[in-house]
Amino acid sequence: MRSQNNSVRSKRPQFTEDPDSLSAQLRKRLVGQPEAIETIIPFVQMHQAGLAPEGRPIGVAMLLGPTGTGKTRTVEALAEALHGSSKNMLKVDCGEFQMEHEVAKLIGAPPGYLGHRETQPMLTQAKLNSATSDNCDVSLVLFDEIEKAAPSMTRLLLGILDKATLRLGDNSTVNFENTLIFLTSNLGAAAINRINKPDFGFEAMVPREPLEDGSKVQSVGMAAVKRKFSPEFVNRIDSVITYKPLDRAACESILEHIFANFARMIQTRLGLRAFKLQCTPAGRNLLLDVGVSVEFGARELKRTVQRNFIQPVAALVAQNKVPPGSTVILDAKGGEFTILLRH
Ligand SMILES: Nc1ncnc2c1ncn2[C@@H]1O[C@H](COP(=O)(O)OP(=O)(O)O)[C@@H](O)[C@H]1O
Ligand SMILES: [Mg+2]
């Protein structure tokens, strides 16, 4: 009897994941950061189920970690999955609000003040509402690279995070209850990098040992946040997500996405004149060596592909040198890229 029971119990139910699920859609677009996806989805679900708290944003997440590991990409990916376009969000580049007077641009000047009529506030109800779609009424609001903003930005954020309201210069209020708010920062990134990879150089992109367990990285990130922001501010953050430096496999997978987008562009834009793309292992390796670094993560990868593959191919196309149906191959020899054509 007992063994029978056991055998029944050990049979796990087979879940086949719906490829359209939010999780699957995000994993397609964001590589190597499963914790971010697992943390964000429950907030969306809480809202969809009508169980999000009232008088607060749906959720406030702080995305921490080194440059070029996918923090900004996460919010773009969510915008694509929820609203069909990575641009369908309200993004505040905090680097543009380093001076106190620049922060006023977010809320507009009070009536009667110089420039009152000219200053269209950046954070209006209309703009929030237009960052939704027929499929989903959640507005994604991204305060990108928050550590660069003037201190008054954090004061302004306190009201948004706590009460989901923002008072504008003209005294009207904006309601942030239907928003998911993301704050990104590379605070603590250097220390996080040191924990994960003591070495420098590309070799360091490939962890020799398993990464340090997440909790230490998380606490280093949290300590940096607590040094920079007041306790009231930190208390209003629902989740702090620490992004890992990307390993070689993750970078390869990002490269595949970039190639796939390039191939799709050729199909849709060139129609009957379309051709096929290939990249040799040597070509891939050189793209990764040039495009990925500890300092910038995968941030330069797209540009590296553009400069060394897309632009040379575009030059060939412009000279009518790529016959329809042929294959354009990116190869590398002696540290140089070469383009081959196969008819
Ligand atoms: N985890 C990732 N998944 C997919 N693409 C990524 C990832 N990390 C970086 N990239 C690539 O690098 C670019 C820069 O990433 P981004 O999210 O802007 O980095 P940051 O963490 O500095 O905000 C992206 O547009 C994308 O092409
Ligand atoms: Mg970013």
# chains A, B, ... in the order shown; residues from 1 in each chain; ligands from 1
>>> residues_around(residues="Ala36 of chain A", least_positions_apart="2", cutoff="9 Å", atoms="only C-alpha atoms", output="PDB file with N, CA and C atoms, in the first residue's frame")
ATOM      1  N   GLN A  33      17.680  37.167 -15.276  1.00  0.00           N
ATOM      2  CA  GLN A  33      17.298  37.860 -14.033  1.00  0.00           C
ATOM      3  C   GLN A  33      15.943  37.329 -13.554  1.00  0.00           C
ATOM      4  N   PRO A  34      15.876  36.016 -13.245  1.00  0.00           N
ATOM      5  CA  PRO A  34      14.562  35.444 -12.895  1.00  0.00           C
ATOM      6  C   PRO A  34      13.954  36.060 -11.636  1.00  0.00           C
ATOM      7  N   GLU A  38      10.077  37.157 -11.059  1.00  0.00           N
ATOM      8  CA  GLU A  38       9.268  36.543  -9.990  1.00  0.00           C
ATOM      9  C   GLU A  38       8.765  37.576  -8.989  1.00  0.00           C
ATOM     10  N   THR A  39       9.518  38.635  -8.803  1.00  0.00           N
ATOM     11  CA  THR A  39       9.109  39.652  -7.827  1.00  0.00           C
ATOM     12  C   THR A  39       8.034  40.571  -8.383  1.00  0.00           C
ATOM     13  N   ILE A  40       8.141  40.863  -9.672  1.00  0.00           N
ATOM     14  CA  ILE A  40       7.246  41.872 -10.264  1.00  0.00           C
ATOM     15  C   ILE A  40       5.850  41.307 -10.556  1.00  0.00           C
ATOM     16  N   ILE A  41       5.800  40.070 -11.062  1.00  0.00           N
ATOM     17  CA  ILE A  41       4.521  39.509 -11.500  1.00  0.00           C
ATOM     18  C   ILE A  41       3.425  39.529 -10.415  1.00  0.00           C
ATOM     19  N   LEU A  63      15.171  48.698  -8.362  1.00  0.00           N
ATOM     20  CA  LEU A  63      16.005  47.767  -9.117  1.00  0.00           C
ATOM     21  C   LEU A  63      17.460  48.216  -8.994  1.00  0.00           C
ATOM     22  N   LYS A  71      18.201  46.456 -15.929  1.00  0.00           N
ATOM     23  CA  LYS A  71      17.257  47.129 -15.022  1.00  0.00           C
ATOM     24  C   LYS A  71      16.228  47.935 -15.834  1.00  0.00           C
ATOM     25  N   THR A  74      14.005  45.763 -17.994  1.00  0.00           N
ATOM     26  CA  THR A  74      12.913  45.089 -17.285  1.00  0.00           C
ATOM     27  C   THR A  74      11.604  45.849 -17.452  1.00  0.00           C
ATOM     28  N   ILE A 241      15.190  44.665  -5.660  1.00  0.00           N
ATOM     29  CA  ILE A 241      15.659  43.552  -6.493  1.00  0.00           C
ATOM     30  C   ILE A 241      17.098  43.835  -6.911  1.00  0.00           C
ATOM     31  N   THR A 242      17.989  42.890  -6.625  1.00  0.00           N
ATOM     32  CA  THR A 242      19.385  43.114  -7.015  1.00  0.00           C
ATOM     33  C   THR A 242      19.690  42.316  -8.272  1.00  0.00           C
ATOM     34  N   TYR A 243      20.186  43.038  -9.286  1.00  0.00           N
ATOM     35  CA  TYR A 243      20.493  42.408 -10.567  1.00  0.00           C
ATOM     36  C   TYR A 243      21.894  41.827 -10.541  1.00  0.00           C
TER      37      TYR A 243
END
>>> residues_around(residues="Leu288 of chain A", least_positions_apart="6", cutoff="9 Å", atoms="only C-alpha atoms", output="VMD selection string")
chain A and resid 248 251 to 252 255 298 301 304
>>> closest_atom_pairs(of="chain A", to="ligand 1", cutoff="7 Å", atoms="only C-alpha atoms and all ligand atoms", output="CSV")
residue,atom,partner,partner_atom_place_in_ligand_line,distance
A:Arg29,CA,ligand 1,4 (C),5.8
A:Leu30,CA,ligand 1,3 (N),3.7
A:Val31,CA,ligand 1,3 (N),3.7
A:Gly32,CA,ligand 1,1 (N),5.4
A:Gln33,CA,ligand 1,1 (N),5.9
A:Gly65,CA,ligand 1,21 (O),6.8
A:Pro66,CA,ligand 1,21 (O),6.2
A:Thr67,CA,ligand 1,22 (O),3.6
A:Gly68,CA,ligand 1,19 (O),3.3
A:Thr69,CA,ligand 1,8 (N),3.6
A:Gly70,CA,ligand 1,17 (O),3.1
A:Lys71,CA,ligand 1,21 (O),3.7
A:Thr72,CA,ligand 1,17 (O),3.8
A:Arg73,CA,ligand 1,17 (O),3.6
A:Thr74,CA,ligand 1,17 (O),6.4
A:Leu246,CA,ligand 1,1 (N),6.9
A:Ile254,CA,ligand 1,5 (N),5.3
A:Gly297,CA,ligand 1,9 (C),6.6
A:Ala298,CA,ligand 1,12 (O),4.4
A:Arg299,CA,ligand 1,12 (O),3.8
A:Glu300,CA,ligand 1,12 (O),6.7
A:Leu301,CA,ligand 1,12 (O),6.6
A:Lys302,CA,ligand 1,27 (O),5.7
>>> select_by_dssp(residues="segment 96-296 of chain A", states="strand (DSSP E)", output="ChimeraX atom specification")
/A:139-144,165-167,173-175,179-185,239-242,276-279
>>> closest_residue(among="A:Glu177, A:Glu100, A:Glu145, A:Asp162", to="Leu128 of chain A", atoms="only C-alpha atoms")
A:Glu177
>>> residues_around(residues="segment 48-58 of chain A", least_positions_apart="5", cutoff="6 Å", atoms="only C-alpha atoms", output="number ranges by chain")
A: 163-164, 176-177, 179-180
>>> select_by_dssp(residues="segment 116-323 of chain A", states="alpha helix (DSSP H)", output="PyMOL selection string")
chain A and resi 125-130+151-163+189-196+214-228+231-235+248-270+281-291+301-305+311-318
>>> closest_residue(among="A:Arg27, A:Arg155, A:His47, A:Lys148", to="Asn178 of chain A", atoms="only C-alpha atoms")
A:His47
>>> residues_around(residues="Asn175 of chain A", least_positions_apart="4", cutoff="7 Å", atoms="only C-alpha atoms", output="list in words")
Gln125, Ala164, Thr165 and Leu166 of chain A
>>> atom_distance(atom1="atom CA of Leu142 of chain A", atom2="atom CA of Val220 of chain A")
22.9 Å
>>> atom_distance(atom1="atom CA of Leu78 of chain A", atom2="atom 1 (Mg, counted along the ligand's line) of ligand 2")
14.3 Å
>>> atom_distance(atom1="atom CA of Leu156 of chain A", atom2="atom CA of Ala126 of chain A")
18.7 Å
>>> residues_around(residues="Ser86 of chain A", least_positions_apart="4", cutoff="8 Å", atoms="only C-alpha atoms", output="PyMOL selection string")
chain A and resi 75-80
>>> closest_residue(among="A:Leu272, A:Ala191, A:Leu157, A:Val290", to="Arg303 of chain A", atoms="only C-alpha atoms")
A:Val290
>>> closest_residue(among="A:Asp144, A:Asp18, A:Glu35, A:Glu96", to="ligand 2", atoms="only C-alpha atoms and all ligand atoms")
A:Asp144
>>> closest_residue(among="A:Thr268, A:Asn320, A:Asn186, A:Ser230", to="ligand 2", atoms="only C-alpha atoms and all ligand atoms")
A:Asn186
>>> closest_residue(among="A:Leu64, A:Leu123, A:Ala190, A:Val217", to="ligand 2", atoms="only C-alpha atoms and all ligand atoms")
A:Leu64
>>> residues_around(residues="Asn235 of chain A", least_positions_apart="2", cutoff="12 Å", atoms="only C-alpha atoms", output="list in words")
Val60, Ala61, Met62, Leu158, Leu161, Asp162, Met222, Val225, Lys226, Phe229, Ser230, Pro231, Glu232, Phe233, Ile237, Asp238, Ser239 and Val240 of chain A
>>> write_last_selection(atoms="N, CA and C atoms", output="compact mmCIF listing (two decimals), in the first residue's frame")
# COMPACT_ATOMS: atom_id res chain seq x y z
N VAL A 60 5.91 49.33 -5.49
CA VAL A 60 7.09 50.18 -5.66
C VAL A 60 8.32 49.27 -5.59
N ALA A 61 9.04 49.19 -6.69
CA ALA A 61 10.21 48.30 -6.71
C ALA A 61 11.48 49.10 -6.99
N MET A 62 12.49 48.81 -6.24
CA MET A 62 13.81 49.42 -6.47
C MET A 62 14.68 48.38 -7.16
N LEU A 158 8.18 60.89 -2.09
CA LEU A 158 7.62 60.39 -0.82
C LEU A 158 6.10 60.39 -0.85
N LEU A 161 4.77 57.70 -3.30
CA LEU A 161 4.91 56.32 -2.81
C LEU A 161 3.97 56.03 -1.65
N ASP A 162 3.76 57.04 -0.80
CA ASP A 162 2.99 56.80 0.42
C ASP A 162 1.49 56.90 0.19
N MET A 222 21.15 46.97 -0.25
CA MET A 222 20.28 47.66 0.71
C MET A 222 21.08 48.67 1.53
N VAL A 225 21.60 51.76 -0.40
CA VAL A 225 20.35 52.53 -0.50
C VAL A 225 20.08 53.28 0.80
N LYS A 226 20.32 52.62 1.94
CA LYS A 226 20.05 53.25 3.23
C LYS A 226 21.00 54.42 3.50
N PHE A 229 19.36 57.29 1.01
CA PHE A 229 17.99 57.78 1.18
C PHE A 229 17.53 57.71 2.63
N SER A 230 16.54 58.58 2.96
CA SER A 230 16.04 58.63 4.34
C SER A 230 15.26 57.35 4.65
N PRO A 231 15.14 57.03 5.97
CA PRO A 231 14.38 55.83 6.35
C PRO A 231 12.93 55.87 5.88
N GLU A 232 12.30 57.07 5.91
CA GLU A 232 10.88 57.12 5.45
C GLU A 232 10.81 56.68 3.99
N PHE A 233 11.79 57.11 3.23
CA PHE A 233 11.79 56.77 1.80
C PHE A 233 11.99 55.27 1.62
N ILE A 237 9.40 51.46 -0.01
CA ILE A 237 9.73 50.59 -1.14
C ILE A 237 9.26 49.17 -0.82
N ASP A 238 8.45 48.59 -1.69
CA ASP A 238 7.91 47.25 -1.42
C ASP A 238 8.95 46.16 -1.65
N SER A 239 9.74 46.30 -2.72
CA SER A 239 10.70 45.24 -3.06
C SER A 239 12.00 45.84 -3.56
N VAL A 240 13.10 45.32 -3.07
CA VAL A 240 14.40 45.70 -3.62
C VAL A 240 14.92 44.48 -4.38
>>> residues_around(residues="Phe143 of chain A", least_positions_apart="4", cutoff="7 Å", atoms="only C-alpha atoms", output="PyMOL selection string")
chain A and resi 91-94+182-184
>>> write_last_selection(atoms="N, CA and C atoms", output="compact mmCIF listing (two decimals), in the first residue's frame")
# COMPACT_ATOMS: atom_id res chain seq x y z
N LYS A 91 8.52 57.64 -18.30
CA LYS A 91 9.91 57.46 -17.86
C LYS A 91 10.52 58.80 -17.49
N VAL A 92 11.05 58.88 -16.30
CA VAL A 92 11.74 60.08 -15.87
C VAL A 92 13.23 59.75 -15.79
N ASP A 93 14.03 60.36 -16.67
CA ASP A 93 15.47 60.16 -16.60
C ASP A 93 16.02 61.08 -15.53
N CYS A 94 16.34 60.52 -14.38
CA CYS A 94 16.67 61.38 -13.24
C CYS A 94 17.94 62.19 -13.48
N PHE A 182 8.79 52.03 -10.61
CA PHE A 182 10.13 51.43 -10.59
C PHE A 182 11.16 52.52 -10.39
N LEU A 183 12.08 52.27 -9.48
CA LEU A 183 13.20 53.17 -9.26
C LEU A 183 14.44 52.34 -9.60
N THR A 184 15.27 52.82 -10.53
CA THR A 184 16.49 52.04 -10.79
C THR A 184 17.70 52.82 -10.29
